[in-house]
Each structure stands twice: as structure tokens, then as C-alpha cells.
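J.: Pasting final_15.cif below, which is mmCIF, C-alpha atoms.
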```cif
data_final
#
loop_
_atom_site.label_atom_id
_atom_site.label_comp_id
_atom_site.auth_asym_id
_atom_site.auth_seq_id
_atom_site.Cartn_x
_atom_site.Cartn_y
_atom_site.Cartn_z
CA MET F 1 35.31 -20.91 36.11
CA THR F 2 33.06 -18.20 34.79
CA SER F 3 29.38 -18.98 35.33
CA ARG F 4 27.31 -19.70 32.25
CA THR F 5 23.62 -19.27 31.63
CA GLU F 6 22.96 -22.61 29.87
CA ARG F 7 20.80 -25.12 31.72
CA ILE F 8 21.47 -28.85 31.46
CA LEU F 9 19.17 -31.68 32.55
CA ILE F 10 20.43 -35.19 33.24
CA ILE F 11 17.93 -38.07 33.31
CA ASP F 12 19.62 -41.25 34.55
CA ALA F 13 18.54 -43.88 37.08
CA ASP F 14 22.21 -44.47 37.97
CA GLN F 15 22.76 -41.94 40.74
CA HIS F 16 26.54 -42.28 40.68
CA ALA F 17 26.78 -41.69 36.92
CA ARG F 18 24.33 -38.81 37.21
CA THR F 19 26.30 -37.21 40.04
CA GLU F 20 29.69 -37.58 38.32
CA LEU F 21 28.41 -36.06 35.06
CA ALA F 22 26.68 -33.23 36.94
CA ARG F 23 29.86 -32.48 38.91
CA TYR F 24 31.91 -32.24 35.73
CA LEU F 25 29.37 -30.03 33.95
CA GLU F 26 28.97 -27.76 36.98
CA ALA F 27 32.75 -27.37 37.07
CA ARG F 28 32.45 -26.12 33.49
CA GLY F 29 30.06 -23.43 34.74
CA PHE F 30 26.69 -24.87 33.64
CA TYR F 31 23.47 -24.99 35.66
CA VAL F 32 22.72 -28.70 36.08
CA THR F 33 19.62 -30.52 37.29
CA GLY F 34 19.53 -34.29 37.75
CA CYS F 35 16.49 -36.59 37.72
CA ALA F 36 16.23 -40.33 38.20
CA ASP F 37 13.46 -40.85 35.65
CA PHE F 38 11.27 -39.21 33.04
CA GLY F 39 8.41 -38.59 35.52
CA ALA F 40 10.62 -36.55 37.82
CA ALA F 41 11.99 -34.61 34.85
CA GLN F 42 8.55 -33.32 33.90
CA THR F 43 8.56 -30.98 36.90
CA VAL F 44 11.69 -29.41 35.40
CA PHE F 45 9.89 -28.97 32.05
CA SER F 46 7.15 -27.00 33.77
CA GLU F 47 9.75 -24.34 34.56
CA GLY F 48 11.02 -24.27 30.99
CA ILE F 49 12.77 -26.62 28.59
CA PRO F 50 16.52 -26.94 29.39
CA ASP F 51 19.17 -26.08 26.80
CA VAL F 52 20.57 -29.64 26.61
CA ILE F 53 19.32 -32.97 27.97
CA PHE F 54 21.62 -35.92 28.73
CA VAL F 55 19.65 -39.16 29.08
CA ASP F 56 20.12 -42.85 29.72
CA VAL F 57 16.60 -43.98 28.88
CA PRO F 58 14.95 -46.32 26.35
CA PRO F 59 14.28 -45.09 22.78
CA ALA F 60 10.57 -44.78 23.54
CA THR F 61 11.32 -42.26 26.30
CA ILE F 62 13.68 -40.37 23.98
CA ARG F 63 10.87 -40.22 21.46
CA GLU F 64 8.50 -38.81 24.11
CA LEU F 65 11.09 -36.23 25.12
CA ALA F 66 11.54 -35.21 21.49
CA ARG F 67 7.76 -34.77 21.18
CA ILE F 68 7.60 -32.48 24.23
CA ILE F 69 10.52 -30.43 22.91
CA GLU F 70 8.87 -30.07 19.51
CA GLU F 71 5.53 -29.02 21.02
CA SER F 72 7.31 -26.38 23.09
CA GLU F 73 8.82 -25.03 19.83
CA SER F 74 12.23 -25.50 21.40
CA LEU F 75 15.28 -26.90 19.62
CA THR F 76 16.88 -28.53 22.66
CA PRO F 77 19.28 -31.35 21.68
CA ILE F 78 19.12 -34.74 23.40
CA VAL F 79 22.36 -36.66 24.11
CA CYS F 80 21.96 -40.34 24.74
CA CYS F 81 24.44 -41.78 27.27
CA SER F 82 24.66 -45.59 27.38
CA GLU F 83 27.00 -48.40 28.43
CA SER F 84 26.04 -50.23 25.27
CA SER F 85 28.24 -49.77 22.22
CA SER F 86 25.94 -51.78 19.98
CA SER F 87 25.36 -50.10 16.62
CA ALA F 88 21.72 -51.11 16.81
CA ASP F 89 21.32 -49.27 20.12
CA VAL F 90 23.07 -46.21 18.71
CA VAL F 91 20.85 -46.19 15.61
CA ALA F 92 17.71 -46.72 17.72
CA ALA F 93 18.58 -43.74 19.94
CA LEU F 94 19.34 -41.46 17.00
CA ARG F 95 16.16 -42.51 15.21
CA ALA F 96 14.16 -41.81 18.35
CA GLY F 97 15.41 -38.21 18.36
CA ALA F 98 18.83 -38.10 20.00
CA ALA F 99 21.27 -35.59 18.53
CA ASP F 100 24.40 -37.44 19.73
CA PHE F 101 25.53 -40.59 21.53
CA LEU F 102 28.14 -41.02 24.30
CA LEU F 103 29.46 -44.14 26.00
CA LYS F 104 29.28 -44.30 29.78
CA PRO F 105 30.93 -43.36 31.94
CA CYS F 106 30.95 -40.07 30.06
CA ASN F 107 33.67 -38.55 32.21
CA ASP F 108 36.22 -41.19 31.15
CA ASP F 109 36.61 -39.60 27.74
CA LYS F 110 36.63 -35.92 28.62
CA ALA F 111 37.84 -34.90 25.16
CA ALA F 112 34.84 -36.57 23.52
CA LEU F 113 32.50 -35.09 26.13
CA ASP F 114 33.96 -31.61 25.67
CA ASP F 115 33.69 -31.95 21.90
CA VAL F 116 30.02 -32.91 22.16
CA ILE F 117 29.34 -30.05 24.58
CA GLU F 118 31.07 -27.52 22.32
CA LYS F 119 29.11 -28.65 19.28
CA LEU F 120 25.84 -28.73 21.20
CA PHE F 121 26.22 -25.24 22.62
CA ASP F 122 27.25 -23.82 19.29
CA ARG F 123 23.92 -25.19 18.14
CA VAL F 124 22.18 -23.83 21.24
CA ARG F 125 23.57 -20.35 20.64
CA VAL F 126 22.46 -20.46 17.01
CA ASN F 127 19.01 -21.63 18.11
CA ARG F 128 18.80 -18.83 20.66
CA LEU F 129 19.73 -16.25 18.05
CA ASN F 130 17.16 -17.73 15.68
CA GLN F 131 14.50 -17.54 18.38
CA LEU F 132 15.49 -13.97 19.17
CA TYR F 133 15.32 -13.03 15.50
CA ARG F 134 11.97 -14.77 15.19
CA GLN F 135 10.61 -12.89 18.20
CA GLU F 136 11.89 -9.61 16.79
CA LEU F 137 10.39 -10.47 13.41
CA GLU F 138 7.05 -11.38 14.97
CA GLU F 139 7.07 -8.12 16.92
CA ALA F 140 7.93 -6.19 13.77
CA ASN F 141 5.13 -8.00 11.93
CA ARG F 142 2.67 -7.13 14.70
CA GLU F 143 3.72 -3.50 14.53
CA LEU F 144 3.47 -3.61 10.74
CA ARG F 145 -0.01 -5.13 10.86
CA ASN F 146 -1.11 -2.51 13.37
CA GLY F 147 0.41 0.20 11.19
CA ILE F 148 -1.32 -1.15 8.10
CA ALA F 149 -4.63 -1.30 9.96
CA GLU F 150 -4.22 2.33 11.04
CA LEU F 151 -3.21 3.31 7.51
CA ARG F 152 -6.27 1.59 6.07
CA ALA F 153 -8.48 3.37 8.56
CA ASP F 154 -6.85 6.68 7.62
CA GLN F 155 -7.29 5.89 3.94
CA ARG F 156 -10.96 5.04 4.44
CA ALA F 157 -11.45 8.33 6.24
CA GLY F 158 -9.51 10.16 3.52
CA ARG F 159 -11.57 8.48 0.83
CA LYS F 160 -14.79 9.62 2.52
CA VAL F 161 -13.44 13.17 2.63
CA GLN F 162 -12.53 13.04 -1.06
CA LEU F 163 -15.96 11.71 -2.03
CA LYS F 164 -17.66 14.47 -0.07
CA MET F 165 -15.53 17.07 -1.84
CA LEU F 166 -16.65 15.93 -5.27
CA PRO F 167 -19.74 17.48 -6.88
CA ASP F 168 -22.88 15.43 -7.44
CA ARG F 169 -22.14 12.68 -9.93
CA GLU F 170 -24.80 14.06 -12.25
CA GLN F 171 -25.94 17.64 -12.16
CA ASP F 172 -27.97 20.04 -14.31
CA ILE F 173 -26.43 23.52 -14.25
CA GLU F 174 -27.75 26.47 -16.25
CA GLY F 175 -28.82 24.39 -19.26
CA LEU F 176 -25.87 22.00 -19.05
CA HIS F 177 -25.94 18.37 -17.96
CA VAL F 178 -22.66 17.49 -16.25
CA GLU F 179 -21.54 14.11 -14.98
CA HIS F 180 -18.26 12.62 -13.85
CA LEU F 181 -16.39 9.42 -13.09
CA ILE F 182 -13.30 9.10 -10.93
CA LYS F 183 -11.44 5.82 -10.39
CA PRO F 184 -8.33 5.86 -8.20
CA SER F 185 -5.42 3.50 -8.88
CA LEU F 186 -4.87 3.39 -5.11
CA TYR F 187 -7.42 3.91 -2.35
CA LEU F 188 -6.97 7.68 -2.55
CA SER F 189 -6.92 9.62 -5.78
CA GLY F 190 -4.55 12.28 -7.06
CA ASP F 191 -7.10 13.24 -9.72
CA PHE F 192 -9.71 15.85 -8.91
CA LEU F 193 -12.53 17.64 -10.69
CA ASP F 194 -15.27 20.11 -10.00
CA TYR F 195 -18.01 22.07 -11.74
CA PHE F 196 -20.34 24.77 -10.49
CA PRO F 197 -22.09 27.96 -11.61
CA ILE F 198 -20.11 31.12 -10.93
CA THR F 199 -22.77 33.54 -12.24
CA GLU F 200 -26.30 33.13 -13.55
CA ASN F 201 -24.82 32.83 -17.01
CA GLN F 202 -21.47 31.10 -16.46
CA VAL F 203 -20.36 27.63 -15.42
CA LEU F 204 -16.82 26.72 -14.42
CA VAL F 205 -15.50 23.19 -14.97
CA TYR F 206 -12.00 21.96 -14.27
CA ILE F 207 -10.05 18.73 -14.03
CA ALA F 208 -6.71 18.36 -12.25
CA ASP F 209 -4.09 15.64 -11.98
CA VAL F 210 -1.70 15.93 -9.04
CA SER F 211 1.80 14.53 -9.51
CA GLY F 212 2.34 11.18 -7.84
CA HIS F 213 -0.20 8.91 -6.19
CA GLY F 214 -1.66 8.14 -2.80
CA ALA F 215 -2.09 10.23 0.34
CA SER F 216 0.33 13.06 -0.43
CA SER F 217 -1.33 13.70 -3.78
CA ALA F 218 -4.78 13.38 -2.21
CA PHE F 219 -3.89 16.17 0.26
CA VAL F 220 -3.44 18.53 -2.68
CA THR F 221 -6.98 17.79 -3.86
CA VAL F 222 -8.20 19.09 -0.50
CA LEU F 223 -6.25 22.28 -1.15
CA LEU F 224 -7.88 22.62 -4.58
CA LYS F 225 -11.37 22.24 -3.16
CA ASN F 226 -10.65 24.70 -0.37
CA LEU F 227 -9.30 27.23 -2.86
CA THR F 228 -12.30 27.02 -5.21
CA ASN F 229 -14.65 27.47 -2.26
CA ARG F 230 -12.75 30.56 -1.13
CA LEU F 231 -12.70 32.04 -4.62
CA GLN F 232 -16.47 31.58 -4.90
CA ARG F 233 -16.98 33.26 -1.53
CA ASN F 234 -14.69 36.11 -2.57
CA LEU F 235 -16.76 36.64 -5.72
CA ARG F 236 -20.01 36.74 -3.73
CA ARG F 237 -18.50 39.23 -1.27
CA GLY F 238 -17.04 41.34 -4.03
CA SER F 239 -13.48 41.06 -2.66
CA SER F 240 -12.02 39.24 -5.68
CA ASP F 241 -13.19 38.14 -9.13
CA ASP F 242 -10.22 35.83 -9.86
CA ILE F 243 -12.55 32.89 -10.41
CA LEU F 244 -14.05 34.59 -13.48
CA TYR F 245 -10.73 34.36 -15.31
CA PRO F 246 -9.19 30.96 -16.16
CA GLU F 247 -5.61 32.25 -16.15
CA ARG F 248 -6.00 33.91 -12.73
CA PHE F 249 -7.59 30.73 -11.40
CA LEU F 250 -4.40 28.84 -12.35
CA GLN F 251 -2.23 31.57 -10.85
CA ARG F 252 -4.02 31.24 -7.52
CA ILE F 253 -3.53 27.46 -7.50
CA ASN F 254 0.13 27.98 -8.39
CA SER F 255 0.79 30.36 -5.49
CA GLU F 256 -1.07 28.13 -3.01
CA LEU F 257 0.96 25.07 -4.03
CA LEU F 258 4.27 26.90 -3.78
CA ASP F 259 3.32 28.19 -0.33
CA THR F 260 2.69 24.65 0.97
CA GLY F 261 6.23 23.51 0.14
CA LEU F 262 4.92 19.99 -0.57
CA GLY F 263 6.94 19.69 -3.76
CA LYS F 264 3.81 18.79 -5.68
CA HIS F 265 2.70 20.16 -9.01
CA VAL F 266 -0.60 19.80 -10.86
CA THR F 267 -1.73 19.62 -14.45
CA VAL F 268 -5.03 21.44 -14.86
CA PHE F 269 -7.59 22.27 -17.49
CA VAL F 270 -10.04 24.99 -16.44
CA GLY F 271 -12.85 26.22 -18.63
CA ILE F 272 -15.63 28.78 -18.20
CA ILE F 273 -18.72 28.31 -20.34
CA THR F 274 -20.67 31.51 -20.97
CA LEU F 275 -24.08 30.42 -22.19
CA SER F 276 -25.35 33.82 -23.38
CA GLU F 277 -22.31 34.23 -25.65
CA ARG F 278 -22.13 30.51 -26.53
CA LYS F 279 -18.44 30.59 -25.78
CA LEU F 280 -15.85 28.52 -23.89
CA ARG F 281 -12.85 30.39 -22.45
CA TYR F 282 -10.15 28.15 -21.02
CA ALA F 283 -6.56 27.89 -19.83
CA VAL F 284 -4.28 24.88 -19.86
CA GLY F 285 -1.78 24.03 -17.14
CA ALA F 286 0.13 21.31 -19.04
CA HIS F 287 -2.96 19.12 -18.94
CA PHE F 288 -3.02 16.09 -21.21
CA PRO F 289 -4.93 14.81 -23.08
CA MET F 290 -6.80 17.91 -24.08
CA PRO F 291 -10.61 17.80 -23.76
CA ILE F 292 -12.67 16.69 -26.75
CA LEU F 293 -15.31 19.07 -28.11
CA SER F 294 -18.02 17.36 -30.10
CA PHE F 295 -20.90 19.02 -31.96
CA GLU F 296 -24.26 17.48 -32.71
CA GLU F 297 -23.77 17.97 -36.44
CA GLY F 298 -20.81 15.59 -36.36
CA SER F 299 -17.46 17.38 -35.96
CA THR F 300 -15.30 16.11 -33.11
CA ALA F 301 -11.81 17.32 -32.19
CA PHE F 302 -9.39 17.89 -29.34
CA LEU F 303 -9.27 21.46 -28.12
CA GLU F 304 -6.12 23.41 -28.95
CA GLY F 305 -3.89 24.88 -26.27
CA ARG F 306 -0.91 24.40 -24.01
CA GLY F 307 0.66 25.94 -20.92
CA LEU F 308 3.03 25.41 -18.02
CA PRO F 309 2.28 22.98 -15.19
CA VAL F 310 0.91 24.52 -12.01
CA GLY F 311 3.02 24.63 -8.87
CA LEU F 312 6.55 24.62 -10.32
CA PHE F 313 7.38 28.23 -11.22
CA GLU F 314 7.26 31.49 -9.26
CA ASP F 315 5.63 33.81 -11.82
CA PRO F 316 4.21 31.77 -14.69
CA GLU F 317 1.73 33.10 -17.20
CA TRP F 318 -1.00 31.22 -18.98
CA ASP F 319 -2.69 32.03 -22.26
CA VAL F 320 -6.46 32.08 -22.50
CA TYR F 321 -8.10 30.26 -25.40
CA GLU F 322 -11.63 30.50 -26.76
CA ALA F 323 -13.89 28.05 -28.54
CA SER F 324 -17.26 28.83 -30.09
CA LEU F 325 -20.23 26.85 -28.84
CA ASP F 326 -22.69 28.09 -31.46
CA LYS F 327 -24.14 24.60 -32.00
CA PRO F 328 -25.34 21.91 -29.56
CA PHE F 329 -22.16 20.45 -28.07
CA ARG F 330 -20.60 17.94 -25.77
CA LEU F 331 -17.35 18.62 -23.94
CA ILE F 332 -15.48 15.66 -22.43
CA LEU F 333 -12.49 16.12 -20.12
CA PHE F 334 -10.05 13.33 -19.20
CA SER F 335 -7.08 12.82 -16.93
CA ASP F 336 -4.07 11.13 -18.51
CA GLY F 337 -4.88 7.84 -16.76
CA ILE F 338 -7.42 7.22 -19.52
CA LEU F 339 -4.58 6.74 -22.01
CA GLU F 340 -3.03 4.01 -19.86
CA VAL F 341 -6.01 1.68 -20.40
CA ILE F 342 -6.21 2.17 -24.17
CA ARG F 343 -4.47 -0.64 -26.00
CA ALA F 344 -2.40 1.12 -28.59
CA LYS F 345 1.36 1.28 -29.14
CA SER F 346 2.06 4.98 -29.42
CA LEU F 347 0.68 8.05 -27.69
CA ASP F 348 -0.66 9.34 -30.99
CA ASP F 349 -2.50 6.06 -31.54
CA LYS F 350 -4.00 6.24 -28.04
CA GLU F 351 -5.28 9.77 -28.69
CA LYS F 352 -6.63 8.70 -32.05
CA THR F 353 -8.49 5.78 -30.45
CA LEU F 354 -9.98 8.07 -27.81
CA LEU F 355 -11.14 10.54 -30.45
CA GLU F 356 -12.64 7.73 -32.54
CA LEU F 357 -14.58 6.43 -29.54
CA VAL F 358 -16.19 9.85 -28.97
CA SER F 359 -16.74 10.39 -32.71
CA SER F 360 -18.56 7.06 -32.97
CA GLY F 361 -21.13 8.16 -30.39
CA ARG F 362 -19.47 7.26 -27.07
CA HIS F 363 -20.46 10.58 -25.54
CA THR F 364 -21.60 9.47 -22.10
CA ILE F 365 -19.53 8.34 -19.13
CA ALA F 366 -21.32 4.99 -19.17
CA SER F 367 -20.65 4.32 -22.85
CA LEU F 368 -16.98 5.31 -22.57
CA SER F 369 -16.55 3.16 -19.48
CA GLU F 370 -18.12 0.21 -21.28
CA ALA F 371 -16.00 0.69 -24.39
CA LEU F 372 -12.79 0.79 -22.34
CA ASN F 373 -13.88 -1.99 -19.91
CA LEU F 374 -13.12 0.24 -16.93
CA ASP F 375 -15.37 -1.76 -14.60
CA ASP F 376 -13.42 -4.94 -15.33
CA ILE F 377 -9.97 -3.52 -14.55
CA THR F 378 -9.13 -4.34 -10.94
CA GLU F 379 -5.70 -2.65 -10.80
CA LEU F 380 -5.44 0.61 -12.68
CA PRO F 381 -1.96 1.84 -13.63
CA ASP F 382 -3.02 5.44 -12.93
CA ASP F 383 -5.96 7.41 -11.57
CA ILE F 384 -8.73 8.04 -14.10
CA ALA F 385 -11.07 11.02 -14.09
CA ILE F 386 -13.68 11.93 -16.72
CA VAL F 387 -16.06 14.87 -16.88
CA SER F 388 -18.79 15.08 -19.52
CA VAL F 389 -20.63 18.35 -20.22
CA THR F 390 -23.70 18.15 -22.47
CA ASP F 391 -25.50 21.21 -23.87
CA THR F 392 -29.09 20.35 -22.99
CA ALA F 393 -30.46 23.86 -23.60
CA SER F 394 -29.45 23.90 -27.26
CA GLU F 395 -30.64 20.34 -27.73
CA SER F 396 -34.08 21.36 -26.44
CA ASP F 397 -34.11 24.41 -28.73
CA SER F 398 -33.15 22.32 -31.74
CA ARG F 399 -35.97 19.87 -31.10
CA ARG F 400 -38.64 22.60 -30.93
#
```
Using C-alpha cells, write down the structure from this file.

T.:
Amino acid sequence: MTSRTERILIIDADQHARTELARYLEARGFYVTGCADFGAAQTVFSEGIPDVIFVDVPPATIRELARIIEESESLTPIVCCSESSSSADVVAALRAGAADFLLKPCNDDKAALDDVIEKLFDRVRVNRLNQLYRQELEEANRELRNGIAELRADQRAGRKVQLKMLPDREQDIEGLHVEHLIKPSLYLSGDFLDYFPITENQVLVYIADVSGHGASSAFVTVLLKNLTNRLQRNLRRGSSDDILYPERFLQRINSELLDTGLGKHVTVFVGIITLSERKLRYAVGAHFPMPILSFEEGSTAFLEGRGLPVGLFEDPEWDVYEASLDKPFRLILFSDGILEVIRAKSLDDKEKTLLELVSSGRHTIASLSEALNLDDITELPDDIAIVSVTDTASESDSRR
């Protein structure tokens, strides 16, 4: 008969019965070990729990065997073999932990013995598969935990890089006070912003929202920062003045994104404030909502303008818009995540609420954050970025 891999243990003080059962099982191809008592069997357990155990022992010993099997996290069935046909003895054995009961001599009823063996080893095979699946699942879980730990470490490193790329949270530039807030919905943000002087008289400010979320979108923010740094260097060297023109600034971002092949696009608002002319020149790359321009004398409105998203088309063109800054002003830029936290039914109502907040005096990042309860929201539906530009030079002039 073909050899099998299953191991069977027989515990029986009756040597003849033990030998006869072992001979029959070995003829069926099983590996069989016989022991006269429970003490001798424990040396077998030290080498591993068998697949099936046939026993002729008291219920207390069956119970002890069942405990050892359970502690080993094995599912080995116990078959009680006894000369007693008393229902009380059968019930006692089954209650102690036996999976089946056979009358001795077991070999006399080979059909019953074969039936028990078939059922037991169907169960053994199922148990082995379950153990194999459990081991594979545990290994997959370990790999997953290790992968998550590595991902978290990468995200922490990426977050540090993103924070270092951002400008100072509050900054005074050429008579303007600029501050920002950025809150990612995930650990990394697809929103980005920057502001810096480009000449002694001009300040550039932009806000961008990369499509999607997470690491792939965060990579694009690195590209944006790298590009703005290069454009500033080019201006200082005299090799290019693209950064002085909002529409050319968007064109450069567009070509860089297409070259990467990442399949990402960006919505952008870029504005250049010329203080000597009291003028804002800006271009819109499908950014929404539009920035809010508020004047000290009371008028507050969204800026006008529209344009194509950046990073989708080969040769797009963007219009340049102008706004007069002849009075002390505040300019507030938002990413579209701000609309997600405003409780209003329609998009128009959300915009109206945002405009009302600014009109009522919520000009600062802190006051807007308080009004919208941003600090209390633990899971944001989208990244949120806000930039506030306050005309401090004109305010000082108006007070003198």
C-alpha cells in the first residue's frame, strides 16, 4: 500500500490489542507509535502532536490529553477504544474530549474502523489546510505590518520634506503680511502654496491643488517648489523672466507636468502684486473657489476669472486679469477642500457662506479656522490650504 504521511499514536495497556491495531493501521500505510500508558506517550508529544490518537484510558486521562492538544494549538482527534458498551462510559469519554468511540477489539469490525479513520482523516486534512492558510495569513499579515511601518516611515519623511518646502507660516514681505494654513486629509498633502518677493516692488503668491491625494500628489508639490526655485534663479541670472508673468508661470508648470508623464494635473491660482502700481495681475488654472478680495472700507467679493487646468493640454493659453488695489486690502486664497467643511447644501450656498464669513470680519487664518471648526475635524474629506495677504503698508499710511 502507498505510504502515507499521517502519524497515529495508540495508548493502550493491553499490548495485544495495541499490536493488532497498530498492525492493521500500518498495513493501511500510516506511521504508528504505540505506548502502554500516558507517561510513555509524553515522549512522543515532545516530537510533535500526532494526527490521531487512539486510547483506552480513563476519562480523566482523555481530558488531560485534550488539554495538551489544545495548548499545542493542534486539532488532533482522540478516539476512545473500550471493551465497555455502556452508554455512560461512551458519554463520559465524549464529554472528556474524545471525538469518537470504538468497541474493542477494533479490528473485529473493520468497516466501522475504516469509516472512523476516513472521517478522522478528512478532518485532519481540513485541519492541516486551515493551519496552512493560517500560517500563510500570519505571514501575509507580518509582511503587511512591515510594509505599513515602512510606508509610515516614508510618509513621515515625506511630510518633513513638504513642511520644509513651505514658506514661513507668517511673513512680512514688501509691506504685505502673509500667512498660511495647510491641513492634509491624509499624512501627505496634494495642496501646495508659496509666496515670495520677485523684485523689490513685486510679490508673487500662488496656491495649487494637485489632482488626487496621498504620495503621488505630494510628489507633484515637490516639482512645483523646484520649478519656482529655478524660475527665481533664472530671473536673478537674467536667463528668463517667466516668473514675472502669471500666464507664463502656468505654462512652465504645464510643460513640466506633461514631461513627467505622471498623469497628474493641477488647479492653480497665481497672482503678482505690484505695490508701486497698487495692482494685482493674476491667472487662473481652473482653480476653485476664486480668492476673495476684501477692502478696508467694506466691499468684499470673489475675484473674477477662469482658465484651463494645468497639466492636461499640450499648448494651452491663459488670460491675465487685473484688480486694482488702490485701498487697503486683504486677499484670501483657498483650496477647494475649504468648501467640503462648510455645511451648506449647494455649491452656491457654500461660496455664499465663505464670502459672508470674510465679510463679517473673519479675515485672519485663526478666525476662519475657528469659524469653520477646522481644529476639531479629525478626518478631513479633502486637503485644505489657505493663504491670507494683508496690506500692512496702506494700513499704516491710513493711520498716519

J.: Please, what distance in Å, to one decimal, runs between CA of Pro77 (chain F) and CA of Ala99 (chain F)?

T.: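 We find that CA of Pro77 (chain F) and CA of Ala99 (chain F) lie 5.6 Å from each other.
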
J.: For the structure shown, which residues end up in the PyMOL selection byres ((chain F and resi 263) around 10)? Put them as a VMD selection string, please?

T.: chain F and resid 211 216 257 to 262 264 to 265 311 to 312

J.: What lies within 9 Å of Thr228 (chain F) using all atoms listed in the file, ignoring chain neighbours under 5 positions off, as a compact mmCIF listing (two decimals) with C-alpha atoms, in the coordinates of the input?

T.:
```
# COMPACT_ATOMS: atom_id res chain seq x y z
CA ASP F 194 -15.27 20.11 -10.00
CA LEU F 223 -6.25 22.28 -1.15
CA ARG F 233 -16.98 33.26 -1.53
CA ILE F 243 -12.55 32.89 -10.41
CA PHE F 249 -7.59 30.73 -11.40
```

J.: Skip Leu250 (chain F) itself and residues of its chain fewer than 2 positions away, then list as a compact mmCIF listing (two decimals) with C-alpha atoms, in the coordinates of the input all residues within 8 Å of it, counting only C-alpha atoms.

T.:
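Below is the file that was written, out19.txt:
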```
# COMPACT_ATOMS: atom_id res chain seq x y z
CA PRO F 246 -9.19 30.96 -16.16
CA GLU F 247 -5.61 32.25 -16.15
CA ARG F 248 -6.00 33.91 -12.73
CA ARG F 252 -4.02 31.24 -7.52
CA ILE F 253 -3.53 27.46 -7.50
CA ASN F 254 0.13 27.98 -8.39
CA VAL F 268 -5.03 21.44 -14.86
CA VAL F 270 -10.04 24.99 -16.44
CA ALA F 283 -6.56 27.89 -19.83
CA GLY F 285 -1.78 24.03 -17.14
CA VAL F 310 0.91 24.52 -12.01
CA TRP F 318 -1.00 31.22 -18.98
```

J.: Which residue gives the smallest distance to Asp108 (chain F) among F:Val161, F:Val44, F:Val387, F:Leu21, with only C-alpha atoms counted?

T.: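 Smallest separation from Asp108 (chain F) among the options: F:Leu21.
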
J.: Report as a PyMOL selection string the residues that result from applying the PyMOL selection byres ((chain F and resi 24) around 12) to the structure here.

T.: chain F and resi 1+8+17-23+25-32+105-110+113-114+117

J.: Mind listing as a PyMOL selection string all residues within 7 Å of (-19.0, 21.9, -34.6), counting only C-alpha atoms?

T.: chain F and resi 294-295+297-299+327

J.: Could you expand the PyMOL selection byres ((chain F and resi 380) around 10) into the explicit residues it covers here, written as a PyMOL selection string?

T.: chain F and resi 183-186+337-338+340-341+374+377-379+381-384

J.: List every protein, DNA or RNA residue that has an atom no more than 12 Å from (9.6, -40.5, 23.7) in the file's coordinate frame, counting all atoms listed in the file, and report them as a ChimeraX atom specification.

T.: /F:38,55,57-70,78,92-98

J.: Quote the spacing between CA of Gly307 (chain F) and CA of Phe269 (chain F) in Å to one decimal place.

T.: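 One can read the CA of Gly307 (chain F) to CA of Phe269 (chain F) distance as 9.7 Å.
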
J.: By how many Å are CA of Gln131 (chain F) and CA of Cys80 (chain F) apart?

T.: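 Distance reported for this atom pair: 24.8 Å.
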
J.: For a quick check of understanding, using all atoms listed in the file, which of F:Ser255, F:Thr353, F:Thr267, F:Ser239 has the smallest distance to Phe313 (chain F)?

T.: F:Ser255

J.: Give me the residues within 7 Å of Ala218 (chain F) as a PDB file with C-alpha atoms, in the frame of the given file, counting only C-alpha atoms and dropping any in the same chain fewer than 4 places off.

T.:
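Produced file part-v1.pdb, reproduced below:
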```pdb
ATOM      1  CA  LEU F 188      -6.970   7.680  -2.550  1.00  0.00           C
ATOM      2  CA  SER F 189      -6.920   9.620  -5.780  1.00  0.00           C
ATOM      3  CA  GLY F 190      -4.550  12.280  -7.060  1.00  0.00           C
ATOM      4  CA  GLY F 214      -1.660   8.140  -2.800  1.00  0.00           C
ATOM      5  CA  VAL F 222      -8.200  19.090  -0.500  1.00  0.00           C
TER       6      VAL F 222
END
```

J.: Which residue, F:Gln162, F:Asn234, F:Thr300, F:Thr199, has the smallest gap to Phe219 (chain F) when you use only C-alpha atoms?

T.: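 Ranking F:Gln162, F:Asn234, F:Thr300, F:Thr199 by distance to Phe219 (chain F), first place goes to F:Gln162.
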